[in-house]
Structure formats: C-alpha cells, structure tokens
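*Asks:* First, the structure itself, so that you have it in front of you.
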Amino acid sequence: MRSRRFVAMACVLAAASLHAAPAGKLSTRQLFEAMRDPNELGRYCYLLQTLPRLAPADAMVARQYLAFSESELGLYGEAVRDFPLKSRLPDDIAAPAPPTWEAADAVEAIAGLAAPHRVVMVNEAHHDAHTRLLTLELLPRLRALGFTHLAIEALIEDGDSLRKRGYPVAASGTEYLREPVYGQIVREALRLGYVLVPYDPAQSSPQQREQSQARTLYEKVLSGDPQAKLLVHAGYAHIDKAPGRLGSVQPMAEHLHRLSGLDILSVDMTDVHEDEPYNELQASRAVVSAVRNDEALRGKPETLLTPTRDSRRPLRDAYSQIVAQFHPRGPIVLRNAKDGGLWSARPRLYDVNVILPPASDRISSYARDRVVSVNVGGQSFVALPPAADGHRPGWLALDGRRVPVAIGPEICDQRFPCLVEARLAAESDDAVAADRYVFLEHGPANVLWLQPGAYRVRGVGPEGKVLSERALQVASAN
C-alpha cells in the first residue's frame, strides 16, 4: 500500500522554456508551449508547481494538462481524480434499467454490428486510458471481419518506417501516444497487419479540423479502394454524425459520411463515463478545497476525509445509476430486452454507448495524512497523495495479457520524484514504454503491468537523467 501522506515535490525544472515567465503571469499559450518539453517528468513537476499560482481560467487549462501528463506517466487514477470531466446528458434522458434493458458484452455486440460497415469509429477521453481498452479488444475481431486500416488521431508518423519497426517511438505521435496503453494499440495493430493512418491536421480552426480529418480519411483510405474497411480511434465528439456536442461545428463523422456516402458506426466511450471515481469523491473534494484555500487538514473531521462506498446522497448521474443496476465487470452495452436494439443516449449523434466498470474499488483515507508544506522557487505548495491509496487499477491487466511485477523505489537511487518505466529489451530507448509509474517519494513498492518477455527497467529523475537501469524477465502467469 502506498504512502498515506502528502508529498512535497522537490522537482527540478528540466528546460529553460519552463522558466519563461513567472507562474502567476503565465498564459494558456505559454502553458501549451511548456507542455511540448520532451522531459515528461519535468513537465509533470512544472504543472504541480505552477497550478496553485494560476488565475482560475488558466488553472482549468493547466489541470487538464496535468491529467494528460498523469495518464502519460501511468498515474491513471490520479488523472481521472484530478480532472473530473463531466458530461451533461440531455435533461430528458433516463438511465436504462432492468428488466427493459440487459447488459451485453461490448466487444461481442460491436463486432456483430460492425460486419456490414466499412467505417467504425470509437472515441476516447484523452486523459483516461481506460477508454482505450475497447479499441485494443476490437482490433483482432475487426481484422477477422476484413478491416484493413486503423486511423489514429494521436499518430503523426507515416510511411514504412513504423511498419518495419513494429512499435511506436516518442516521435511517432503526440504526447497522448506516449501513454503505454495507446502504444500497445499501435503494436497490436501492426502485429495484426493493419495499415496505420495519421489523419489529424497540425493546426486549423475547429471546423477546418473536422473537415480536414474527414477528407484525409476519405482520400487515404476509402476513395481509391472499395474493399478497404476502416477503424477510427478518435477523441470525444469527432465521432458524432451531427452537430451537438461541438456546438455548431459539423463533426468529422458527418463530413466523412457526406464525402463517402457510407453509413458510419459510431461508438461512444465518453458520454456515460466515470468522471469522478466514487472511491475518491468525498475526500478528494475536501482535500482539493483545502489545497486551493491554503488550509491545513489537521482538525477536519475524519468522516469528511474518509471516502465510503455508501453515501447518504446517492449519486444521480447516469453512469453511477447504470453501474448500480448492471454491475459491469468489463465493457458493456445495454440491449433492449424486447427488440434487441442497443442503447444510445444521443442516437442522433452516435449509435451506442459503451459503459466501463469503475476503475478501482480501493477506498482511500486521507484522514491520517500529514500535510507537508515545502518551498520550491519561493512558492509553497502541497501535492495530493496517490489515488486509491496508490493501488493501480486492475484493468491494466488488459484482459489477462499482462501480469503485475513488483517494482520498488530503490531503482530511483534516492532521487524523487522518479519515473520508473519498462521497455521491451528488443525495442529502442525512445520506444513508447510498456508501462510506467511515478514514485513521488521513497516508500513501499508498487507494480508495473507487463506481458511475459524480456525488458529493460530504468529509473529517471525529474531532470530527465537516467538514475539506474536493470534487466527484467517476466514469466507467464500460467
């Protein structure tokens, strides 16, 4: 179990670009530029130092960047906790309930729907890698149905080099692609023989971006080959078939339908989604409030700082109601018991909602935590402790393909915070890691989730310097 105290982040900024302006005067544009620094742990430290000193509007942007960074570094529970992105369903939507609706395996159901289509689109929440699992599971099923191409929003690298190499590297895509599960999607697609397609333009207005995405997909894949079948992994509302979630902007899927005349199967992972984990809900709000207001936690009632499964005010959002009714253990869809149709909260925009189970059932207690205030660069701040008491989510097993491998902070050579990452021994040092985790301080061991095979595991300090490296052989769980 991970440490129960707040962590004083003695972070060293990694690049001169991160010192460009005092934190209180930073603009959203400067934050965006800072996020381009290649030192991933340095970016994370920078955001932790910067957040308490930003104006509210810029702090919201920085909090989103912090969640992206946490996901990229393998801090999956923290990413969802620290950026609780809430979707608002239409007011007239009632959450499905038994016996009218029945739970069905999402992969089986979508594979069944996909057979007559040439285009299937699946979306993700960029800060929540849990939403990437469906695409990973669909890859072999759709390949068996004749799907030939996988278009990836985060992909930049094009041509034969990626195909010949067989795995993504840091320069293969945007920062999203450096997250290990996203990297595994690329590896698996290449192994299965998909042609990978980058399609997101570098810079454009929102409407131009949607049009350009659709035009690229049409010209690269569909227009010249009537046998081509395309799976698209996109973000959020790009998969929508009509305006709505993007305001008046016409989404990518709508444009692609107009260009191709094809009926597109759109699968939503983000509208009915665990946006604030119940196991952190009550306590994290109290802690975040204390951090924002520079308050101490000492003296606050223990009941306030101890999340519980049972609440006197039951959660009323659609996701919580559906989970309470159907108890998913993996990705599910909801099937109408009478006509067999699949439930969509917004049938005008997309065809089906996929519901993921809660990422973790671990209960944290912040009540015994000790607030450690530190001074870094003349600024005092505290950091939230690991989500779910440091227990990494079980979905990282990837449906049994990976096993937990204990890893301790000793690899960090007494330098904290420290990024621990594993790469396959046969891959280069700039390959997207197989898994990663950040030790905020010296404390109990945690785990990396890895497939059987040979690896290099290394600890990296906040300046980007490799602290130590060792070989690791992971045996099969069987």
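Ordering of the structure tokens sets the chain letters (A, B, ...); residue numbers start at 1 within each chain; ligands are numbered from 1 in the order shown.
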Could you pull out the helix (DSSP H, G or I) residues of region 6-248 of chain A, going by DSSP on the backbone, and write them as a VMD selection string?

*Replies:* chain A and resid 16 to 19 23 to 25 28 to 34 40 to 53 56 to 72 76 to 82 106 to 114 129 to 144 160 to 165 170 to 172 175 to 178 180 to 192 206 to 222 236 to 239

*Asks:* Hey, which of A:Ala170, A:Val120, A:Val405, A:Leu150 ends up closest to Lys220 (chain A)? Count only C-alpha atoms.

*Replies:*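 Ranking A:Ala170, A:Val120, A:Val405, A:Leu150 by distance to Lys220 (chain A), first place goes to A:Leu150.
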
*Asks:* Return the single residue from A:Phe147, A:Ala454, A:Arg81, A:Ser428 that is closest to Arg165 (chain A), with distances computed using only C-alpha atoms.

*Replies:*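 Result for the nearest residue to Arg165 (chain A): A:Ser428.
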
*Asks:* Restricting the calculation to only C-alpha atoms, which member of A:Ala171, A:Val119, A:Ala114, A:Leu66 is positioned closest to Pro38 (chain A)?

*Replies:*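 With only C-alpha atoms as the atom set, the closest residue is A:Ala171.
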
*Asks:* Do you know which residues are at most 8 Å from Trp449 (chain A) counting only C-alpha atoms, after dropping those on the same chain fewer than 2 positions away, and could you put them as a PyMOL selection string?

*Replies:* chain A and resi 396-397+402-405+435+447+451

*Asks:* Taking C-alpha atoms for each residue, export the selection above as a CSV table (one decimal), in the first residue's frame.

*Replies:*
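Output file part_3.csv follows:
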```
chain,number,residue,atom,x,y,z
A,396,LEU,CA,-4.1,-2.7,-16.5
A,397,ALA,CA,-4.1,-6.5,-16.8
A,402,ARG,CA,-0.3,-8.7,-18.5
A,403,VAL,CA,0.8,-9.6,-15.1
A,404,PRO,CA,1.8,-7.4,-12.1
A,405,VAL,CA,5.5,-7.2,-11.5
A,435,ASP,CA,4.3,0.5,-18.6
A,447,VAL,CA,3.7,-2.8,-9.6
A,451,GLN,CA,3.3,-9.1,-20.7
```

*Asks:* Per residue of region 38-119 of chain A within 12 Å of region 230-245 of chain A, which atom pair is closest and at what distance in Å (one decimal), using only C-alpha atoms, listed by chain and increasing number, as JSON lines?

*Replies:*
```
{"residue": "A:Leu85", "atom": "CA", "partner": "A:Tyr236", "partner_atom": "CA", "distance": 11.5}
{"residue": "A:Ser87", "atom": "CA", "partner": "A:Arg245", "partner_atom": "CA", "distance": 9.6}
{"residue": "A:Arg88", "atom": "CA", "partner": "A:Arg245", "partner_atom": "CA", "distance": 9.8}
{"residue": "A:Leu89", "atom": "CA", "partner": "A:Arg245", "partner_atom": "CA", "distance": 10.0}
{"residue": "A:Pro90", "atom": "CA", "partner": "A:Gly244", "partner_atom": "CA", "distance": 10.8}
{"residue": "A:Ile110", "atom": "CA", "partner": "A:Leu231", "partner_atom": "CA", "distance": 12.0}
{"residue": "A:Ala111", "atom": "CA", "partner": "A:Leu231", "partner_atom": "CA", "distance": 11.6}
{"residue": "A:Ala114", "atom": "CA", "partner": "A:Leu231", "partner_atom": "CA", "distance": 9.7}
{"residue": "A:Ala115", "atom": "CA", "partner": "A:Leu230", "partner_atom": "CA", "distance": 11.7}
{"residue": "A:His117", "atom": "CA", "partner": "A:Leu230", "partner_atom": "CA", "distance": 8.9}
{"residue": "A:Arg118", "atom": "CA", "partner": "A:Leu230", "partner_atom": "CA", "distance": 6.0}
{"residue": "A:Val119", "atom": "CA", "partner": "A:Leu230", "partner_atom": "CA", "distance": 4.8}
```

*Asks:* For those residues, write all heavy atoms to a file as a PDB file, in the first residue's frame.

*Replies:*
```pdb
ATOM      1  N   LEU A  85     -13.792  15.402 -15.608  1.00  0.00           N
ATOM      2  CA  LEU A  85     -14.502  15.930 -16.772  1.00  0.00           C
ATOM      3  C   LEU A  85     -15.938  15.407 -16.774  1.00  0.00           C
ATOM      4  O   LEU A  85     -16.164  14.200 -16.865  1.00  0.00           O
ATOM      5  CB  LEU A  85     -13.793  15.507 -18.056  1.00  0.00           C
ATOM      6  CG  LEU A  85     -14.401  16.013 -19.352  1.00  0.00           C
ATOM      7  CD1 LEU A  85     -14.290  17.527 -19.441  1.00  0.00           C
ATOM      8  CD2 LEU A  85     -13.714  15.365 -20.546  1.00  0.00           C
ATOM      9  N   SER A  87     -19.688  15.102 -18.325  1.00  0.00           N
ATOM     10  CA  SER A  87     -20.568  15.253 -19.485  1.00  0.00           C
ATOM     11  C   SER A  87     -21.994  15.480 -18.992  1.00  0.00           C
ATOM     12  O   SER A  87     -22.428  14.870 -18.017  1.00  0.00           O
ATOM     13  CB  SER A  87     -20.521  13.992 -20.355  1.00  0.00           C
ATOM     14  OG  SER A  87     -19.235  13.785 -20.865  1.00  0.00           O
ATOM     15  N   ARG A  88     -22.695  16.335 -19.667  1.00  0.00           N
ATOM     16  CA  ARG A  88     -24.090  16.610 -19.317  1.00  0.00           C
ATOM     17  C   ARG A  88     -24.986  16.018 -20.386  1.00  0.00           C
ATOM     18  O   ARG A  88     -25.011  16.484 -21.532  1.00  0.00           O
ATOM     19  CB  ARG A  88     -24.334  18.112 -19.191  1.00  0.00           C
ATOM     20  CG  ARG A  88     -23.648  18.753 -17.992  1.00  0.00           C
ATOM     21  CD  ARG A  88     -24.070  20.213 -17.844  1.00  0.00           C
ATOM     22  NE  ARG A  88     -25.502  20.331 -17.657  1.00  0.00           N
ATOM     23  CZ  ARG A  88     -26.099  20.260 -16.472  1.00  0.00           C
ATOM     24  NH1 ARG A  88     -25.376  20.040 -15.389  1.00  0.00           N
ATOM     25  NH2 ARG A  88     -27.397  20.397 -16.368  1.00  0.00           N
ATOM     26  N   LEU A  89     -25.696  14.967 -20.012  1.00  0.00           N
ATOM     27  CA  LEU A  89     -26.646  14.376 -20.936  1.00  0.00           C
ATOM     28  C   LEU A  89     -27.904  15.237 -21.009  1.00  0.00           C
ATOM     29  O   LEU A  89     -28.185  16.016 -20.092  1.00  0.00           O
ATOM     30  CB  LEU A  89     -27.007  12.963 -20.468  1.00  0.00           C
ATOM     31  CG  LEU A  89     -25.877  11.938 -20.516  1.00  0.00           C
ATOM     32  CD1 LEU A  89     -26.339  10.608 -19.945  1.00  0.00           C
ATOM     33  CD2 LEU A  89     -25.370  11.740 -21.929  1.00  0.00           C
ATOM     34  N   PRO A  90     -28.670  15.103 -22.083  1.00  0.00           N
ATOM     35  CA  PRO A  90     -29.926  15.858 -22.165  1.00  0.00           C
ATOM     36  C   PRO A  90     -30.814  15.592 -20.956  1.00  0.00           C
ATOM     37  O   PRO A  90     -30.834  14.486 -20.408  1.00  0.00           O
ATOM     38  CB  PRO A  90     -30.565  15.313 -23.459  1.00  0.00           C
ATOM     39  CG  PRO A  90     -29.402  14.849 -24.276  1.00  0.00           C
ATOM     40  CD  PRO A  90     -28.402  14.316 -23.296  1.00  0.00           C
ATOM     41  N   ILE A 110     -20.414  -5.039 -30.547  1.00  0.00           N
ATOM     42  CA  ILE A 110     -19.928  -4.116 -31.575  1.00  0.00           C
ATOM     43  C   ILE A 110     -19.351  -4.878 -32.764  1.00  0.00           C
ATOM     44  O   ILE A 110     -19.530  -4.471 -33.915  1.00  0.00           O
ATOM     45  CB  ILE A 110     -18.915  -3.147 -30.961  1.00  0.00           C
ATOM     46  CG1 ILE A 110     -19.640  -2.242 -29.968  1.00  0.00           C
ATOM     47  CG2 ILE A 110     -18.230  -2.314 -32.036  1.00  0.00           C
ATOM     48  CD1 ILE A 110     -18.742  -1.466 -29.076  1.00  0.00           C
ATOM     49  N   ALA A 111     -18.688  -5.980 -32.502  1.00  0.00           N
ATOM     50  CA  ALA A 111     -18.213  -6.805 -33.611  1.00  0.00           C
ATOM     51  C   ALA A 111     -19.395  -7.273 -34.458  1.00  0.00           C
ATOM     52  O   ALA A 111     -19.313  -7.324 -35.699  1.00  0.00           O
ATOM     53  CB  ALA A 111     -17.420  -7.993 -33.087  1.00  0.00           C
ATOM     54  N   ALA A 114     -20.549  -4.350 -36.538  1.00  0.00           N
ATOM     55  CA  ALA A 114     -19.557  -3.823 -37.473  1.00  0.00           C
ATOM     56  C   ALA A 114     -19.529  -4.552 -38.807  1.00  0.00           C
ATOM     57  O   ALA A 114     -19.091  -3.985 -39.817  1.00  0.00           O
ATOM     58  CB  ALA A 114     -18.167  -3.878 -36.838  1.00  0.00           C
ATOM     59  N   ALA A 115     -19.965  -5.798 -38.836  1.00  0.00           N
ATOM     60  CA  ALA A 115     -19.782  -6.642 -40.027  1.00  0.00           C
ATOM     61  C   ALA A 115     -20.215  -5.986 -41.333  1.00  0.00           C
ATOM     62  O   ALA A 115     -19.469  -6.024 -42.323  1.00  0.00           O
ATOM     63  CB  ALA A 115     -20.486  -7.983 -39.817  1.00  0.00           C
ATOM     64  N   HIS A 117     -20.489  -2.817 -42.047  1.00  0.00           N
ATOM     65  CA  HIS A 117     -19.990  -1.448 -42.202  1.00  0.00           C
ATOM     66  C   HIS A 117     -18.570  -1.431 -42.770  1.00  0.00           C
ATOM     67  O   HIS A 117     -17.788  -2.348 -42.537  1.00  0.00           O
ATOM     68  CB  HIS A 117     -19.987  -0.722 -40.854  1.00  0.00           C
ATOM     69  CG  HIS A 117     -21.350  -0.400 -40.331  1.00  0.00           C
ATOM     70  ND1 HIS A 117     -22.129  -1.319 -39.667  1.00  0.00           N
ATOM     71  CD2 HIS A 117     -22.076   0.747 -40.374  1.00  0.00           C
ATOM     72  CE1 HIS A 117     -23.271  -0.759 -39.310  1.00  0.00           C
ATOM     73  NE2 HIS A 117     -23.266   0.494 -39.737  1.00  0.00           N
ATOM     74  N   ARG A 118     -18.259  -0.343 -43.460  1.00  0.00           N
ATOM     75  CA  ARG A 118     -16.878  -0.107 -43.899  1.00  0.00           C
ATOM     76  C   ARG A 118     -16.142   0.849 -42.985  1.00  0.00           C
ATOM     77  O   ARG A 118     -14.916   0.935 -43.060  1.00  0.00           O
ATOM     78  CB  ARG A 118     -16.859   0.446 -45.327  1.00  0.00           C
ATOM     79  CG  ARG A 118     -17.167  -0.582 -46.409  1.00  0.00           C
ATOM     80  CD  ARG A 118     -16.976   0.044 -47.788  1.00  0.00           C
ATOM     81  NE  ARG A 118     -15.585   0.445 -48.019  1.00  0.00           N
ATOM     82  CZ  ARG A 118     -15.196   1.288 -48.981  1.00  0.00           C
ATOM     83  NH1 ARG A 118     -16.113   1.849 -49.767  1.00  0.00           N
ATOM     84  NH2 ARG A 118     -13.917   1.589 -49.128  1.00  0.00           N
ATOM     85  N   VAL A 119     -16.876   1.575 -42.154  1.00  0.00           N
ATOM     86  CA  VAL A 119     -16.253   2.524 -41.238  1.00  0.00           C
ATOM     87  C   VAL A 119     -16.845   2.355 -39.842  1.00  0.00           C
ATOM     88  O   VAL A 119     -18.066   2.421 -39.670  1.00  0.00           O
ATOM     89  CB  VAL A 119     -16.441   3.989 -41.700  1.00  0.00           C
ATOM     90  CG1 VAL A 119     -15.753   4.941 -40.723  1.00  0.00           C
ATOM     91  CG2 VAL A 119     -15.901   4.194 -43.110  1.00  0.00           C
TER      92      VAL A 119
END
```

*Asks:* Determine, counting only C-alpha atoms, which protein, DNA and RNA residues have an atom within 6 Å of an atom of region 324-339 of chain A; residues of the same chain fewer than 3 positions away are not included. Present the result as a list in words.

*Replies:* Thr100, Trp101, Glu102, Ala103, Ala104, Asp105, Ala106, Gln321, Leu342, Trp343, Val354, Ile355, Leu356 and Pro357 of chain A

*Asks:* Which of these residues is nearest to Gly74 (chain A), using only C-alpha atoms: A:Ile407, A:Val181, A:Val186, A:Ala431?

*Replies:*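 With only C-alpha atoms as the atom set, the closest residue is A:Val181.
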
*Asks:* Can you pull out the residues contacting Pro452 (chain A)? Cut-off 7 Å, using only C-alpha atoms, and skip same-chain residues under 3 positions away; I want them as an MDAnalysis selection string.

*Replies:* chainID A and resid 474:476

*Asks:* Any chance you could list, as a ChimeraX atom specification, the residues in region 135-187 of chain A that come up strand (DSSP E) when DSSP is run on the backbone?

*Replies:* /A:149-152

*Asks:* Write out as a CSV table (one decimal) with N, CA and C atoms, in the first residue's frame the residues lying within 7 Å of Leu155 (chain A), counting only C-alpha atoms and excluding same-chain residues fewer than 4 positions away.

*Replies:*
```
chain,number,residue,atom,x,y,z
A,172,SER,N,6.6,9.3,-32.8
A,172,SER,CA,5.6,8.7,-33.7
A,172,SER,C,4.3,9.5,-33.6
A,173,GLY,N,4.1,10.2,-32.5
A,173,GLY,CA,2.8,10.9,-32.4
A,173,GLY,C,2.8,12.0,-31.4
A,174,THR,N,1.6,12.4,-31.0
A,174,THR,CA,1.5,13.5,-30.0
A,174,THR,C,1.8,12.9,-28.6
A,198,PRO,N,-2.3,8.2,-40.0
A,198,PRO,CA,-2.4,9.5,-39.3
A,198,PRO,C,-3.4,10.4,-40.1
```

*Asks:* Using only C-alpha atoms for the distances, tell me which of A:His273, A:Arg163, A:Arg36, A:His149 is nearest to Tyr218 (chain A).

*Replies:*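 Between A:His273, A:Arg163, A:Arg36, A:His149, the residue approaching Tyr218 (chain A) most closely is A:His149.
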
*Asks:* Compare A:Ala144, A:Ala34, A:Tyr455, A:Tyr46 by their minimum atom-to-atom distance to Gly112 (chain A), counting only C-alpha atoms, and give me the closest one.

*Replies:* A:Ala144

*Asks:* Provide the CA of Glu421 (chain A) to CA of Leu31 (chain A) distance in Å, to one decimal place.

*Replies:* 25.5 Å

*Asks:* Env of Ala189 (chain A): 8 Å cut, atoms = only C-alpha atoms, seq-sep filter 6 positions within chain, self excluded. Answer as a PyMOL selection string.

*Replies:* chain A and resi 139+150+195-196
